[in-house]
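Below is entry05.pdb, holding PDB, C-alpha atoms.
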ATOM      1  CA  MET A1158       0.893-118.344 -84.241  1.00  0.00           C
ATOM      2  CA  MET A1159       3.961-120.046 -82.815  1.00  0.00           C
ATOM      3  CA  LEU A1160       7.335-118.298 -82.885  1.00  0.00           C
ATOM      4  CA  ALA A1161       8.620-121.052 -85.170  1.00  0.00           C
ATOM      5  CA  ASP A1162       6.006-120.069 -87.768  1.00  0.00           C
ATOM      6  CA  ILE A1163       7.279-116.509 -88.144  1.00  0.00           C
ATOM      7  CA  PRO A1164       9.399-116.130 -91.314  1.00  0.00           C
ATOM      8  CA  ALA A1165      13.036-115.183 -90.816  1.00  0.00           C
ATOM      9  CA  ASN A1166      12.743-112.090 -93.013  1.00  0.00           C
ATOM     10  CA  PRO A1167       9.096-111.002 -92.771  1.00  0.00           C
ATOM     11  CA  ILE A1168       9.375-107.299 -93.682  1.00  0.00           C
ATOM     12  CA  PHE A1169       8.891-106.679 -97.420  1.00  0.00           C
ATOM     13  CA  PRO A1170      11.333-109.419 -98.565  1.00  0.00           C
ATOM     14  CA  GLU A1171      10.632-108.801-102.264  1.00  0.00           C
ATOM     15  CA  LEU A1172      11.690-105.146-101.962  1.00  0.00           C
ATOM     16  CA  VAL A1173      14.762-105.912 -99.873  1.00  0.00           C
ATOM     17  CA  SER A1174      16.027-108.591-102.299  1.00  0.00           C
ATOM     18  CA  ASN A1175      15.598-106.367-105.382  1.00  0.00           C
ATOM     19  CA  ALA A1176      17.571-103.472-103.940  1.00  0.00           C
ATOM     20  CA  SER A1177      20.091-101.462-105.928  1.00  0.00           C
ATOM     21  CA  ILE A1178      23.469-101.006-104.219  1.00  0.00           C
ATOM     22  CA  LEU A1179      26.400 -98.722-104.961  1.00  0.00           C
ATOM     23  CA  LEU A1180      29.686-100.326-103.880  1.00  0.00           C
ATOM     24  CA  VAL A1181      32.739 -98.059-103.566  1.00  0.00           C
ATOM     25  CA  GLU A1182      35.902-100.083-102.904  1.00  0.00           C
ATOM     26  CA  ASP A1183      39.381 -99.564-104.348  1.00  0.00           C
ATOM     27  CA  GLU A1184      40.811-103.006-103.511  1.00  0.00           C
ATOM     28  CA  GLU A1185      39.944-105.172-106.501  1.00  0.00           C
ATOM     29  CA  ILE A1186      39.807-108.512-104.690  1.00  0.00           C
ATOM     30  CA  ILE A1187      37.536-107.167-101.948  1.00  0.00           C
ATOM     31  CA  ARG A1188      35.376-105.342-104.496  1.00  0.00           C
ATOM     32  CA  GLU A1189      34.879-108.506-106.561  1.00  0.00           C
ATOM     33  CA  MET A1190      34.222-110.616-103.455  1.00  0.00           C
ATOM     34  CA  ILE A1191      31.537-108.224-102.176  1.00  0.00           C
ATOM     35  CA  THR A1192      29.974-107.820-105.624  1.00  0.00           C
ATOM     36  CA  ILE A1193      29.637-111.576-106.117  1.00  0.00           C
ATOM     37  CA  ALA A1194      28.179-112.059-102.620  1.00  0.00           C
ATOM     38  CA  LEU A1195      25.606-109.293-103.135  1.00  0.00           C
ATOM     39  CA  GLN A1196      24.612-110.477-106.607  1.00  0.00           C
ATOM     40  CA  ARG A1197      24.069-113.996-105.312  1.00  0.00           C
ATOM     41  CA  GLU A1198      21.515-112.502-102.907  1.00  0.00           C
ATOM     42  CA  GLY A1199      19.682-110.920-105.844  1.00  0.00           C
ATOM     43  CA  TYR A1200      20.887-107.350-105.381  1.00  0.00           C
ATOM     44  CA  ARG A1201      21.693-105.092-108.331  1.00  0.00           C
ATOM     45  CA  VAL A1202      25.237-103.838-107.822  1.00  0.00           C
ATOM     46  CA  THR A1203      27.071-100.875-109.315  1.00  0.00           C
ATOM     47  CA  SER A1204      30.720-101.071-108.263  1.00  0.00           C
ATOM     48  CA  VAL A1205      33.401 -98.415-108.655  1.00  0.00           C
ATOM     49  CA  ALA A1206      37.044 -98.337-107.619  1.00  0.00           C
ATOM     50  CA  SER A1207      37.563 -94.698-106.712  1.00  0.00           C
ATOM     51  CA  GLY A1208      35.945 -91.859-104.862  1.00  0.00           C
ATOM     52  CA  ASP A1209      35.773 -89.559-107.872  1.00  0.00           C
ATOM     53  CA  GLU A1210      33.813 -92.181-109.849  1.00  0.00           C
ATOM     54  CA  ALA A1211      31.338 -92.424-106.994  1.00  0.00           C
ATOM     55  CA  VAL A1212      31.025 -88.632-106.769  1.00  0.00           C
ATOM     56  CA  GLU A1213      30.372 -88.401-110.520  1.00  0.00           C
ATOM     57  CA  ILE A1214      27.530 -90.928-110.270  1.00  0.00           C
ATOM     58  CA  LEU A1215      26.010 -89.336-107.165  1.00  0.00           C
ATOM     59  CA  GLN A1216      26.234 -85.783-108.474  1.00  0.00           C
ATOM     60  CA  SER A1217      24.589 -86.860-111.710  1.00  0.00           C
ATOM     61  CA  ILE A1218      21.701 -88.379-109.742  1.00  0.00           C
ATOM     62  CA  GLY A1219      21.474 -85.313-107.516  1.00  0.00           C
ATOM     63  CA  ALA A1220      21.290 -82.984-110.513  1.00  0.00           C
ATOM     64  CA  ARG A1221      18.590 -84.975-112.337  1.00  0.00           C
ATOM     65  CA  LYS A1222      16.656 -86.141-109.269  1.00  0.00           C
ATOM     66  CA  THR A1223      15.633 -89.151-111.357  1.00  0.00           C
ATOM     67  CA  GLU A1224      16.599 -92.775-111.704  1.00  0.00           C
ATOM     68  CA  PRO A1225      18.950 -94.471-111.294  1.00  0.00           C
ATOM     69  CA  THR A1226      18.985 -94.216-107.536  1.00  0.00           C
ATOM     70  CA  PHE A1227      20.419 -96.513-104.900  1.00  0.00           C
ATOM     71  CA  ASP A1228      18.857 -98.190-101.892  1.00  0.00           C
ATOM     72  CA  LEU A1229      22.209 -98.602-100.115  1.00  0.00           C
ATOM     73  CA  VAL A1230      25.793 -97.364-100.449  1.00  0.00           C
ATOM     74  CA  ILE A1231      28.633 -99.599 -99.218  1.00  0.00           C
ATOM     75  CA  LEU A1232      31.567 -97.264 -98.853  1.00  0.00           C
ATOM     76  CA  ASP A1233      35.246 -97.802 -98.084  1.00  0.00           C
ATOM     77  CA  LEU A1234      36.854 -94.933 -96.201  1.00  0.00           C
ATOM     78  CA  MET A1235      40.375 -95.018 -97.673  1.00  0.00           C
ATOM     79  CA  LEU A1236      39.821 -94.228-101.348  1.00  0.00           C
ATOM     80  CA  PRO A1237      41.953 -92.562-104.024  1.00  0.00           C
ATOM     81  CA  GLN A1238      41.112 -88.992-105.053  1.00  0.00           C
ATOM     82  CA  VAL A1239      38.009 -88.469-102.878  1.00  0.00           C
ATOM     83  CA  GLY A1240      37.745 -90.141 -99.469  1.00  0.00           C
ATOM     84  CA  GLY A1241      34.762 -92.020 -98.107  1.00  0.00           C
ATOM     85  CA  LEU A1242      33.968 -89.414 -95.453  1.00  0.00           C
ATOM     86  CA  ASP A1243      33.715 -86.723 -98.125  1.00  0.00           C
ATOM     87  CA  ILE A1244      31.358 -88.901-100.180  1.00  0.00           C
ATOM     88  CA  CYS A1245      29.185 -89.487 -97.147  1.00  0.00           C
ATOM     89  CA  ARG A1246      29.077 -85.751 -96.415  1.00  0.00           C
ATOM     90  CA  LEU A1247      28.209 -85.062-100.067  1.00  0.00           C
ATOM     91  CA  LEU A1248      25.228 -87.383 -99.884  1.00  0.00           C
ATOM     92  CA  ARG A1249      23.874 -85.676 -96.792  1.00  0.00           C
ATOM     93  CA  TYR A1250      24.558 -82.227 -98.286  1.00  0.00           C
ATOM     94  CA  GLN A1251      22.372 -83.279-101.241  1.00  0.00           C
ATOM     95  CA  ASN A1252      19.650 -84.280 -98.750  1.00  0.00           C
ATOM     96  CA  ASN A1253      20.136 -87.842 -99.937  1.00  0.00           C
ATOM     97  CA  PHE A1254      19.497 -90.059 -96.921  1.00  0.00           C
ATOM     98  CA  VAL A1255      20.236 -93.376 -98.578  1.00  0.00           C
ATOM     99  CA  PRO A1256      21.663 -95.759 -95.962  1.00  0.00           C
ATOM    100  CA  VAL A1257      25.459 -95.820 -95.913  1.00  0.00           C
ATOM    101  CA  LEU A1258      27.476 -98.788 -94.654  1.00  0.00           C
ATOM    102  CA  ILE A1259      31.124 -97.846 -94.121  1.00  0.00           C
ATOM    103  CA  THR A1260      33.793-100.543 -94.436  1.00  0.00           C
ATOM    104  CA  SER A1261      37.210 -99.632 -93.092  1.00  0.00           C
ATOM    105  CA  ALA A1262      40.456-101.014 -91.735  1.00  0.00           C
ATOM    106  CA  LYS A1263      40.344 -98.244 -89.130  1.00  0.00           C
ATOM    107  CA  VAL A1264      39.199 -99.952 -85.974  1.00  0.00           C
ATOM    108  CA  THR A1265      39.399 -97.402 -83.167  1.00  0.00           C
ATOM    109  CA  GLU A1266      36.358 -96.013 -81.433  1.00  0.00           C
ATOM    110  CA  SER A1267      37.187 -92.470 -82.601  1.00  0.00           C
ATOM    111  CA  ASP A1268      37.304 -93.663 -86.226  1.00  0.00           C
ATOM    112  CA  ARG A1269      33.848 -95.221 -85.899  1.00  0.00           C
ATOM    113  CA  VAL A1270      32.492 -92.075 -84.233  1.00  0.00           C
ATOM    114  CA  ILE A1271      33.874 -89.875 -87.022  1.00  0.00           C
ATOM    115  CA  GLY A1272      32.312 -92.122 -89.662  1.00  0.00           C
ATOM    116  CA  LEU A1273      28.906 -92.170 -88.008  1.00  0.00           C
ATOM    117  CA  ASP A1274      28.998 -88.426 -87.356  1.00  0.00           C
ATOM    118  CA  ALA A1275      29.686 -87.877 -91.063  1.00  0.00           C
ATOM    119  CA  GLY A1276      26.295 -89.414 -91.782  1.00  0.00           C
ATOM    120  CA  ALA A1277      26.961 -93.148 -92.035  1.00  0.00           C
ATOM    121  CA  ASP A1278      24.341 -95.551 -90.721  1.00  0.00           C
ATOM    122  CA  ASP A1279      26.642 -98.453 -89.883  1.00  0.00           C
ATOM    123  CA  TYR A1280      30.365 -99.172 -89.644  1.00  0.00           C
ATOM    124  CA  LEU A1281      31.999-102.518 -90.431  1.00  0.00           C
ATOM    125  CA  THR A1282      35.705-103.046 -89.716  1.00  0.00           C
ATOM    126  CA  LYS A1283      38.011-105.013 -91.993  1.00  0.00           C
ATOM    127  CA  PRO A1284      38.595-107.866 -92.229  1.00  0.00           C
ATOM    128  CA  PHE A1285      34.961-108.989 -92.166  1.00  0.00           C
ATOM    129  CA  SER A1286      33.031-112.058 -93.274  1.00  0.00           C
ATOM    130  CA  THR A1287      30.606-111.910 -96.180  1.00  0.00           C
ATOM    131  CA  LYS A1288      27.933-113.324 -93.846  1.00  0.00           C
ATOM    132  CA  GLU A1289      28.211-110.324 -91.539  1.00  0.00           C
ATOM    133  CA  LEU A1290      28.279-107.923 -94.477  1.00  0.00           C
ATOM    134  CA  LEU A1291      25.105-109.470 -95.905  1.00  0.00           C
ATOM    135  CA  ALA A1292      23.397-109.430 -92.512  1.00  0.00           C
ATOM    136  CA  ARG A1293      24.149-105.719 -92.037  1.00  0.00           C
ATOM    137  CA  THR A1294      23.031-105.045 -95.616  1.00  0.00           C
ATOM    138  CA  ARG A1295      19.688-106.759 -95.012  1.00  0.00           C
ATOM    139  CA  ALA A1296      19.195-104.894 -91.739  1.00  0.00           C
ATOM    140  CA  LEU A1297      19.792-101.488 -93.331  1.00  0.00           C
ATOM    141  CA  LEU A1298      17.546-102.275 -96.298  1.00  0.00           C
ATOM    142  CA  ARG A1299      14.734-103.513 -94.046  1.00  0.00           C
ATOM    143  CA  ARG A1300      14.964-100.345 -91.967  1.00  0.00           C
ATOM    144  CA  GLN A1301      14.909 -98.157 -95.074  1.00  0.00           C
ATOM    145  CA  THR A1302      11.956-100.052 -96.558  1.00  0.00           C
ATOM    146  CA  PHE A1303       9.971 -99.822 -93.319  1.00  0.00           C
ATOM    147  CA  GLN A1304      10.634 -96.084 -93.087  1.00  0.00           C
ATOM    148  CA  PHE A1305       9.557 -95.611 -96.693  1.00  0.00           C
ATOM    149  CA  PHE A1306       6.249 -97.353 -96.156  1.00  0.00           C
ATOM    150  CA  ASN A1307       5.698 -95.593 -92.864  1.00  0.00           C
ATOM    151  CA  LYS A1308       6.334 -92.193 -94.479  1.00  0.00           C
ATOM    152  CA  SER A1309       4.107 -93.094 -97.382  1.00  0.00           C
ATOM    153  CA  SER A1310       1.150 -93.408 -94.966  1.00  0.00           C
ATOM    154  CA  ILE A1311      -0.283 -96.651 -96.269  1.00  0.00           C
ATOM    155  CA  TYR A1312      -3.663 -97.665 -94.861  1.00  0.00           C
ATOM    156  CA  ARG A1313      -5.587-100.859 -95.473  1.00  0.00           C
ATOM    157  CA  PHE A1314      -9.150-101.959 -94.883  1.00  0.00           C
ATOM    158  CA  LYS A1315     -10.095-105.410 -96.134  1.00  0.00           C
ATOM    159  CA  GLU A1316      -9.311-105.338 -99.870  1.00  0.00           C
ATOM    160  CA  ILE A1317      -8.783-101.564-100.001  1.00  0.00           C
ATOM    161  CA  THR A1318      -5.276-100.067 -99.895  1.00  0.00           C
ATOM    162  CA  LEU A1319      -4.847 -96.316 -99.658  1.00  0.00           C
ATOM    163  CA  LEU A1320      -1.552 -94.452-100.181  1.00  0.00           C
ATOM    164  CA  SER A1321      -2.249 -91.147 -98.531  1.00  0.00           C
ATOM    165  CA  ASN A1322       0.824 -89.185 -99.647  1.00  0.00           C
ATOM    166  CA  GLU A1323       0.570 -90.438-103.222  1.00  0.00           C
ATOM    167  CA  ARG A1324      -3.193 -89.805-103.313  1.00  0.00           C
ATOM    168  CA  LYS A1325      -3.843 -93.256-104.727  1.00  0.00           C
ATOM    169  CA  ALA A1326      -6.295 -95.981-103.735  1.00  0.00           C
ATOM    170  CA  TYR A1327      -6.485 -99.616-104.790  1.00  0.00           C
ATOM    171  CA  LEU A1328      -9.187-102.276-104.602  1.00  0.00           C
ATOM    172  CA  GLU A1329      -7.827-105.828-104.757  1.00  0.00           C
ATOM    173  CA  GLY A1330      -4.636-104.422-106.290  1.00  0.00           C
ATOM    174  CA  LYS A1331      -6.386-102.439-109.042  1.00  0.00           C
ATOM    175  CA  GLU A1332      -6.099 -98.657-108.895  1.00  0.00           C
ATOM    176  CA  LEU A1333      -9.363 -96.789-108.373  1.00  0.00           C
ATOM    177  CA  ASN A1334     -10.155 -93.714-110.433  1.00  0.00           C
ATOM    178  CA  LEU A1335     -11.300 -91.403-107.636  1.00  0.00           C
ATOM    179  CA  SER A1336     -11.984 -87.697-107.744  1.00  0.00           C
ATOM    180  CA  PRO A1337     -10.150 -85.589-105.128  1.00  0.00           C
ATOM    181  CA  LYS A1338     -13.272 -85.371-102.954  1.00  0.00           C
ATOM    182  CA  GLU A1339     -14.010 -89.084-103.271  1.00  0.00           C
ATOM    183  CA  PHE A1340     -10.423 -89.808-102.251  1.00  0.00           C
ATOM    184  CA  ARG A1341     -10.665 -87.474 -99.259  1.00  0.00           C
ATOM    185  CA  ILE A1342     -13.901 -89.107 -98.082  1.00  0.00           C
ATOM    186  CA  LEU A1343     -12.346 -92.564 -98.380  1.00  0.00           C
ATOM    187  CA  GLU A1344      -9.246 -91.321 -96.567  1.00  0.00           C
ATOM    188  CA  LEU A1345     -11.345 -90.046 -93.647  1.00  0.00           C
ATOM    189  CA  PHE A1346     -13.180 -93.348 -93.425  1.00  0.00           C
ATOM    190  CA  ILE A1347     -10.175 -95.644 -93.695  1.00  0.00           C
ATOM    191  CA  THR A1348      -7.982 -93.660 -91.267  1.00  0.00           C
ATOM    192  CA  SER A1349     -10.771 -93.651 -88.651  1.00  0.00           C
ATOM    193  CA  PRO A1350     -12.414 -97.043 -89.202  1.00  0.00           C
ATOM    194  CA  ARG A1351     -14.585 -96.976 -86.070  1.00  0.00           C
ATOM    195  CA  ARG A1352     -15.846 -93.437 -86.462  1.00  0.00           C
ATOM    196  CA  VAL A1353     -19.289 -92.487 -87.753  1.00  0.00           C
ATOM    197  CA  TRP A1354     -19.112 -89.316 -89.839  1.00  0.00           C
ATOM    198  CA  SER A1355     -22.148 -87.049 -90.067  1.00  0.00           C
ATOM    199  CA  ARG A1356     -22.880 -85.207 -93.310  1.00  0.00           C
ATOM    200  CA  GLU A1357     -21.978 -81.918 -91.621  1.00  0.00           C
ATOM    201  CA  GLN A1358     -18.637 -83.293 -90.461  1.00  0.00           C
ATOM    202  CA  LEU A1359     -17.835 -84.596 -93.939  1.00  0.00           C
ATOM    203  CA  ILE A1360     -18.775 -81.243 -95.443  1.00  0.00           C
ATOM    204  CA  GLU A1361     -16.410 -79.470 -93.045  1.00  0.00           C
ATOM    205  CA  GLN A1362     -13.523 -81.863 -93.666  1.00  0.00           C
ATOM    206  CA  VAL A1363     -13.885 -82.304 -97.431  1.00  0.00           C
ATOM    207  CA  TRP A1364     -15.540 -79.137 -98.766  1.00  0.00           C
ATOM    208  CA  GLY A1365     -14.537 -76.717 -96.006  1.00  0.00           C
ATOM    209  CA  VAL A1366     -16.425 -74.659 -93.468  1.00  0.00           C
ATOM    210  CA  ASP A1367     -17.330 -72.005 -96.061  1.00  0.00           C
ATOM    211  CA  PHE A1368     -19.246 -74.464 -98.273  1.00  0.00           C
ATOM    212  CA  LEU A1369     -22.724 -73.116 -98.984  1.00  0.00           C
ATOM    213  CA  GLY A1370     -24.226 -76.085-100.826  1.00  0.00           C
ATOM    214  CA  ASP A1371     -26.676 -78.742 -99.693  1.00  0.00           C
ATOM    215  CA  THR A1372     -25.611 -81.648 -97.470  1.00  0.00           C
ATOM    216  CA  LYS A1373     -27.153 -83.931-100.112  1.00  0.00           C
ATOM    217  CA  THR A1374     -23.852 -83.373-101.943  1.00  0.00           C
ATOM    218  CA  VAL A1375     -22.380 -85.820 -99.461  1.00  0.00           C
ATOM    219  CA  ASP A1376     -24.958 -88.468-100.366  1.00  0.00           C
ATOM    220  CA  VAL A1377     -24.168 -88.033-104.066  1.00  0.00           C
ATOM    221  CA  HIS A1378     -20.433 -88.506-103.493  1.00  0.00           C
ATOM    222  CA  ILE A1379     -21.038 -91.504-101.254  1.00  0.00           C
ATOM    223  CA  ARG A1380     -23.126 -93.053-104.026  1.00  0.00           C
ATOM    224  CA  TRP A1381     -20.367 -92.442-106.576  1.00  0.00           C
ATOM    225  CA  LEU A1382     -17.783 -93.896-104.201  1.00  0.00           C
ATOM    226  CA  ARG A1383     -19.872 -96.988-103.595  1.00  0.00           C
ATOM    227  CA  GLU A1384     -20.241 -97.523-107.341  1.00  0.00           C
ATOM    228  CA  LYS A1385     -16.454 -97.724-107.571  1.00  0.00           C
ATOM    229  CA  LEU A1386     -15.961 -99.882-104.476  1.00  0.00           C
ATOM    230  CA  GLU A1387     -18.944-102.183-104.187  1.00  0.00           C
ATOM    231  CA  VAL A1388     -19.974-105.204-106.203  1.00  0.00           C
ATOM    232  CA  ASP A1389     -23.565-104.317-105.308  1.00  0.00           C
ATOM    233  CA  PRO A1390     -23.852-100.657-104.215  1.00  0.00           C
ATOM    234  CA  SER A1391     -27.350-101.322-102.829  1.00  0.00           C
ATOM    235  CA  GLN A1392     -25.801-103.874-100.424  1.00  0.00           C
ATOM    236  CA  PRO A1393     -22.573-102.102 -99.447  1.00  0.00           C
ATOM    237  CA  LYS A1394     -19.680-104.089 -98.057  1.00  0.00           C
ATOM    238  CA  TYR A1395     -17.385-101.161 -97.322  1.00  0.00           C
ATOM    239  CA  ILE A1396     -19.264 -97.889 -96.772  1.00  0.00           C
ATOM    240  CA  ASN A1397     -22.314 -98.319 -94.576  1.00  0.00           C
ATOM    241  CA  THR A1398     -25.086 -95.943 -93.608  1.00  0.00           C
ATOM    242  CA  VAL A1399     -25.678 -95.494 -89.889  1.00  0.00           C
ATOM    243  CA  ARG A1400     -29.283 -94.306 -89.864  1.00  0.00           C
ATOM    244  CA  GLY A1401     -29.813 -91.044 -88.072  1.00  0.00           C
ATOM    245  CA  PHE A1402     -26.075 -90.399 -87.756  1.00  0.00           C
ATOM    246  CA  GLY A1403     -24.186 -90.619 -91.070  1.00  0.00           C
ATOM    247  CA  TYR A1404     -21.646 -92.972 -92.641  1.00  0.00           C
ATOM    248  CA  ARG A1405     -18.778 -95.203 -91.632  1.00  0.00           C
ATOM    249  CA  ILE A1406     -16.526 -97.810 -93.190  1.00  0.00           C
ATOM    250  CA  GLY A1407     -17.125-101.466 -92.455  1.00  0.00           C
TER     251      GLY A1407
END
File written out as structure tokens:
Amino acid sequence: MMLADIPANPIFPELVSNASILLVEDEEIIREMITIALQREGYRVTSVASGDEAVEILQSIGARKTEPTFDLVILDLMLPQVGGLDICRLLRYQNNFVPVLITSAKVTESDRVIGLDAGADDYLTKPFSTKELLARTRALLRRQTFQFFNKSSIYRFKEITLLSNERKAYLEGKELNLSPKEFRILELFITSPRRVWSREQLIEQVWGVDFLGDTKTVDVHIRWLREKLEVDPSQPKYINTVRGFGYRIG
């Protein structure tokens, strides 16, 4: 692949463009300008003019721990009632690590340091162009999306996608109905794609070292797993038998 063939925004563009953003800005003209620019990019924007409005929304989310949530907060520092630094500290106190982009007319190095130390992820001084604001927004959203997927422990093998933390597996986009032991077997295979697993090793990892049953239990679960994965279980595409050793994926 040539460098020219690489897309400009290759990391989860559909998730980045559908992001939900909380904008906290007391200057009406700036608030409207930012809102319009973000909406033109496809973002969903909730805009408020004061710090206490923002706190009310964020505390409500923190108490319910349900939707709606935000993928990014764009936060002015100089706000009526409650200041931007206090809002940022509130978010981090709630263990809410949503990215925060501070916008401020304060331009000194010490002001930027204070903002970042309060928990902000980026600091943009006023006046700024909408192009720079949008570029910083995209960068923060891409970083957040990458971290989410990385933390979610997503693994792929051919047409199989496994979400380890969510305990879900998909074949060609369709969720598989796997038992806990079937999921664990598939997880061992797909996270170690070159490894051959013996029946004894699978017993130890899936059933535990105190299991007193027959190793044929492994064969039964492999058969059930193949029935859910394979078009023709007698000619497996995914889970193969390595004669004399055990099983492996691929």
Original post:
Hey, can you check how far CA of Trp1354 in chain A sits from CA of Trp1381 in chain A?
Top reply: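 A separation of 17.1 Å between them.
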**OP:** On this file, the PyMOL selection byres ((chain A and resi 1400) around 12) gives some set of residues; write that set as a list of chain:residue names.
**Re:**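 Expected selection for the PyMOL selection byres ((chain A and resi 1400) around 12) here is A:Val1353, A:Trp1354, A:Ser1355, A:Arg1356, A:Asn1397, A:Thr1398, A:Val1399, A:Gly1401, A:Phe1402, A:Gly1403, A:Tyr1404, A:Arg1405.
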Original post:
Between A:Asp1376, A:Asp1209, A:Glu1332, A:Asp1183, which is the closest to Ile1360 in chain A once you count all atoms listed in the file?
Top reply: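 When distances to Ile1360 in chain A are compared using all atoms listed in the file, the smallest one comes from A:Asp1376.
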Subject >> Shell around Ala1206 in chain A at 9 Å using only C-alpha atoms, local window under 5 positions removed, as a list in words >> reply: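 What passes the distance filter is Leu1180, Val1181, Glu1182, Asp1183, Glu1184, Glu1185, Arg1188, Ala1211, Leu1236 and Pro1237 of chain A.
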**OP:** Please write as a PyMOL selection string the full residue list that the PyMOL selection byres ((chain A and resi 1311-1321) around 12) yields on this file.
**Re:** chain A and resi 1303-1310+1322-1333+1335+1337+1340-1351+1385-1387+1394-1396+1406-1407
